[in-house]
Amino acid sequence: MHKGFKTTLYHIILWIVALIFFAPVFWIILSAFKTKDQILSIPPKWFFTPTLANFVDLFTRPNVGTYIRNSLLISAIAVLIALVVSFLAAYAFSRFKLKSTSLIMFFLLSIRMVPAAASVIPVFLMYVALGWKDTYPGMTLFYAMFSIPFSVWILKGFVDGVSERFDETGLVNGGSRLHVLFDVVLPQVRPGLVAAFIFNMVFVWNEYMFNYIIGGKTTTTVPVALVTWMLNQGGVDWTFMASLTVVFMIPPILAVYFFQKYLLIGMTFGTVRGEI
Amino acid sequence: MNSVEFKNISKVYGKQTLLKETSFAVEAGTFTVIFGAPGCGKSVILRLLTGLEKPTSGEVFLRGENATSLSAGDRNIGYIPQSFALYPHYKVRDNIGYPLKLIGAPKSEIDDVVARTAELLRITRLLDKYPNQLSGGEKQRVAIARGIAKKTDIFIFDDPLTGLDFKLREQLFDDLRSMQETLKATFIYTTSDPLEALMLAEKIHVLDDGKVIEAGNIETVYHQPQHLRTALLLGFPKINTFDGTLEKDSKSIICKTKLFSFPVDLNQSEKSDNDQVVVAVRPQYLKLNEKPSGKSIFINANITLAEDLGGEMVIHMDADGVYLLGVERHDSFSQQEGAVEIGVANQNLMVFDAKTSRRIGQGAN
């Protein structure tokens, strides 16, 4: 009885916290189906006739398709490159136990400890010097670089979980290292690969600052477009902002919905893999 | 011919020396057990043999040729690791056929070998299952099947039966022996279990402290160990030992221990007076309340515990502060406690040098 009450209370608190966090999202979703006047009306309108006019307007604007395509392509390719590099690195860290492994692993992650604002200027200067600013390869490689540390951490946990006896069985039977890597170890770390993919995908998808500074007209992704277009008429373009945001949210929401358990792995560096 | 030969092999990891210039040879077509206490370097020997590790110094010969620098894949050795290491993403069928698939054997041949091997190990009904659907014993059978599916003449078993229950192990002992006879291949098998070694081995190599200290036919090594460590490690229950000294008079050499004295036949004549020795006698040779044949020594002791193992009993005894173990048949010995007279035939008393642990002689008849 007492325990039941505690659980109920616990759930009520969880619901309240979750709703507080969901409120802005809810407001954006509602706004996407309102007219501009309805969005700004005080008190807010809870009951209204939804309209799809904002979405029609969104997709008749020039370049919106390009921004969405840029976001999809750059984040997907960058994360795929990162996964290939990270899987090889994680395997090396796991199997060829260097004395300095933990130090190198720490250095890798420390890249993510530097505030983006501190590294954006040097990166900008490098990109200008190399002529990579506002190029697809430049943007993609940058995001790949940014996704690698975290992926290595997740994947190392997984490769560590695959006994070396598997590698040895492959090697003794005449398999090459590549065979061991891709036919023996890789199939056993698939959950880790999915986790790393989703986690980094969500990160790159939402990234704003670097795309704003080292991107440009050709490689603009949705977050940058959102800010630039929202403010370009001297005020805030509320309907555009709301409708584009809703479209922008769909892929991550679907990904999180379908791959929730893998996200949990990502957040814990693979330590809960036993429950998958 | 020798299938495998180690010449002065050393293996050092960091500050740890695991093998110390050890040399030994394994005869082709034998069931050879490498036996030693846990952590004595057995697995290292197998890793050097498979090529998964390279020796720090020394040479490995396979089938008469120097294989020291050959990679693991080029040595053509069938390998059954201690942990089963069955690929979870392959069906049993594909796990067994794996070594053949790797060398690009045609599918019909793979199917044929898989079917025959599965039949040999009685796992045909498991072929279409995945490893996580199998029990421990079944997994081990599949791992063995995968190991022997390979077309080769040398098979290595890294203590493959640890963790299996006794009944399963006994069945697998029989299977392994008969498989070796069918294949006529060299089986190299490591274990730290003396019973397993005694049941399986045709030849045995005893490994201690990074060296093979003794090798030979299992019967010889068991009954006439030439090294004290062999006597201590190989056998159940544990061998009885007594500290003693050698005293020489004009006619003979007498060994004196706290409990008894007996004349000694020395193998090496250069031994001098008052040498420190260790006398060892297997529990099976302690005759309780019974006179052994031939010249014997006698010890008075008290039974402290009679352990009933079903067919036989292990008798724990105390003789003036010295702890002794004896084995008696259940049906011919019923005493649970009290005084006993122990008789031991002189020829069953083995004498080892206390310093070098080498066998120097035995009781004279």
# chains A, B, ... in the order shown; residues from 1 in each chain; ligands from 1
>>> residues_around(residues="B:Lys256", least_positions_apart="3", cutoff="6 Å", atoms="only C-alpha atoms", output="PyMOL selection string")
chain B and resi 244-245+261
>>> write_last_selection(atoms="C-alpha atoms", output="CSV table (one decimal), in the first residue's frame")
chain,number,residue,atom,x,y,z
B,244,GLY,CA,64.6,-37.5,5.0
B,245,THR,CA,68.3,-37.8,5.0
B,261,SER,CA,64.2,-45.9,7.7
>>> interface_residues(of="chain A", to="chain B", cutoff="6 Å", atoms="only C-alpha atoms", output="mmCIF file with C-alpha atoms, in the first residue's frame")
data_model
loop_
_atom_site.group_PDB
_atom_site.id
_atom_site.type_symbol
_atom_site.label_atom_id
_atom_site.label_comp_id
_atom_site.auth_asym_id
_atom_site.auth_seq_id
_atom_site.Cartn_x
_atom_site.Cartn_y
_atom_site.Cartn_z
ATOM 1 C CA ARG A 165 38.883 -16.149 -28.727
ATOM 2 C CA PHE A 166 36.557 -15.355 -31.668
ATOM 3 C CA LEU A 171 42.984 -16.374 -37.494
ATOM 4 C CA VAL A 172 43.971 -19.978 -36.746
ATOM 5 C CA ASN A 173 41.574 -21.203 -39.406
ATOM 6 C CA GLY A 174 43.294 -19.053 -41.985
#
>>> closest_atom_pairs(of="stretch 81-102 of chain A", to="stretch 189-211 of chain A", cutoff="12 Å", atoms="only C-alpha atoms", output="CSV")
residue,atom,partner,partner_atom,distance
A:Ile81,CA,A:Phe197,CA,10.3
A:Ala82,CA,A:Phe197,CA,8.8
A:Leu83,CA,A:Phe197,CA,7.2
A:Val84,CA,A:Leu193,CA,9.5
A:Val85,CA,A:Leu193,CA,11.7
A:Ser86,CA,A:Ala196,CA,9.6
A:Phe87,CA,A:Leu193,CA,8.2
A:Leu88,CA,A:Leu193,CA,11.9
A:Ala90,CA,A:Val189,CA,11.1
A:Tyr91,CA,A:Val189,CA,10.8
>>> write_last_selection(atoms="N, CA and C atoms", output="PDB file, in the first residue's frame")
ATOM      1  N   ILE A  81      30.902   7.799 -42.315  1.00  0.00           N
ATOM      2  CA  ILE A  81      32.377   7.845 -42.340  1.00  0.00           C
ATOM      3  C   ILE A  81      32.916   7.671 -40.920  1.00  0.00           C
ATOM      4  N   ALA A  82      32.290   8.413 -39.988  1.00  0.00           N
ATOM      5  CA  ALA A  82      32.745   8.341 -38.595  1.00  0.00           C
ATOM      6  C   ALA A  82      32.653   6.912 -38.072  1.00  0.00           C
ATOM      7  N   LEU A  83      31.597   6.203 -38.449  1.00  0.00           N
ATOM      8  CA  LEU A  83      31.424   4.845 -37.923  1.00  0.00           C
ATOM      9  C   LEU A  83      32.501   3.893 -38.442  1.00  0.00           C
ATOM     10  N   VAL A  84      32.831   4.021 -39.724  1.00  0.00           N
ATOM     11  CA  VAL A  84      33.869   3.151 -40.281  1.00  0.00           C
ATOM     12  C   VAL A  84      35.192   3.394 -39.550  1.00  0.00           C
ATOM     13  N   VAL A  85      35.565   4.695 -39.441  1.00  0.00           N
ATOM     14  CA  VAL A  85      36.826   5.029 -38.768  1.00  0.00           C
ATOM     15  C   VAL A  85      36.789   4.570 -37.310  1.00  0.00           C
ATOM     16  N   SER A  86      35.656   4.833 -36.647  1.00  0.00           N
ATOM     17  CA  SER A  86      35.574   4.525 -35.211  1.00  0.00           C
ATOM     18  C   SER A  86      35.607   3.039 -34.955  1.00  0.00           C
ATOM     19  N   PHE A  87      34.973   2.267 -35.834  1.00  0.00           N
ATOM     20  CA  PHE A  87      34.966   0.812 -35.624  1.00  0.00           C
ATOM     21  C   PHE A  87      36.388   0.263 -35.716  1.00  0.00           C
ATOM     22  N   LEU A  88      37.126   0.748 -36.731  1.00  0.00           N
ATOM     23  CA  LEU A  88      38.518   0.288 -36.867  1.00  0.00           C
ATOM     24  C   LEU A  88      39.345   0.718 -35.659  1.00  0.00           C
ATOM     25  N   ALA A  90      38.232   1.482 -32.625  1.00  0.00           N
ATOM     26  CA  ALA A  90      37.786   0.777 -31.416  1.00  0.00           C
ATOM     27  C   ALA A  90      38.376  -0.627 -31.383  1.00  0.00           C
ATOM     28  N   TYR A  91      38.427  -1.272 -32.542  1.00  0.00           N
ATOM     29  CA  TYR A  91      39.003  -2.619 -32.601  1.00  0.00           C
ATOM     30  C   TYR A  91      40.479  -2.576 -32.209  1.00  0.00           C
TER      31      TYR A  91
END
>>> residues_around(residues="B:Lys211", least_positions_apart="2", cutoff="7 Å", atoms="only C-alpha atoms", output="list in words")
Leu19, Lys20, Thr22, Leu207, Asp208, Asp209 and Ile213 of chain B
>>> select_by_dssp(residues="stretch 42-136 of chain A", states="helix (DSSP H, G or I)", output="PyMOL selection string")
chain A and resi 53-60+64-95+101-113+116-130+136
>>> atom_distance(atom1="atom CA of A:Asp57", atom2="atom CA of A:Leu73")
23.9 Å
>>> residues_around(residues="B:Ala319", least_positions_apart="2", cutoff="7 Å", atoms="only C-alpha atoms", output="list of chain:residue names")
B:Asn300, B:Ala301, B:Asn302, B:Met317, B:Gly321, B:Val322, B:Tyr323
>>> write_last_selection(atoms="N, CA and C atoms", output="mmCIF file, in the first residue's frame")
data_model
loop_
_atom_site.group_PDB
_atom_site.id
_atom_site.type_symbol
_atom_site.label_atom_id
_atom_site.label_comp_id
_atom_site.auth_asym_id
_atom_site.auth_seq_id
_atom_site.Cartn_x
_atom_site.Cartn_y
_atom_site.Cartn_z
ATOM 1 N N ASN B 300 52.908 -46.572 12.494
ATOM 2 C CA ASN B 300 51.685 -46.588 13.297
ATOM 3 C C ASN B 300 50.999 -45.228 13.199
ATOM 4 N N ALA B 301 49.706 -45.282 12.887
ATOM 5 C CA ALA B 301 48.982 -44.027 12.681
ATOM 6 C C ALA B 301 47.581 -44.115 13.241
ATOM 7 N N ASN B 302 46.904 -42.946 13.299
ATOM 8 C CA ASN B 302 45.509 -42.893 13.724
ATOM 9 C C ASN B 302 44.664 -42.344 12.589
ATOM 10 N N MET B 317 45.045 -39.806 7.723
ATOM 11 C CA MET B 317 45.652 -40.338 8.952
ATOM 12 C C MET B 317 46.695 -39.390 9.515
ATOM 13 N N GLY B 321 52.138 -36.561 14.138
ATOM 14 C CA GLY B 321 52.169 -35.214 13.569
ATOM 15 C C GLY B 321 52.354 -35.163 12.064
ATOM 16 N N VAL B 322 52.583 -36.323 11.430
ATOM 17 C CA VAL B 322 52.735 -36.329 9.973
ATOM 18 C C VAL B 322 51.390 -36.742 9.358
ATOM 19 N N TYR B 323 50.936 -35.946 8.375
ATOM 20 C CA TYR B 323 49.631 -36.183 7.751
ATOM 21 C C TYR B 323 49.786 -37.159 6.596
#
>>> select_by_dssp(residues="stretch 197-320 of chain B", states="strand (DSSP E)", output="PyMOL selection string")
chain B and resi 203-208+211-217+240-248+253-257+261-266+276-281+287-288+296-308+312-319
>>> closest_residue(among="B:Leu309, B:Leu134, B:Val113, B:Met350", to="B:His330", atoms="only C-alpha atoms")
B:Leu309
>>> closest_residue(among="A:Phe33, A:Tyr143, A:Tyr136, A:Tyr212", to="A:Phe48", atoms="only C-alpha atoms")
A:Phe33
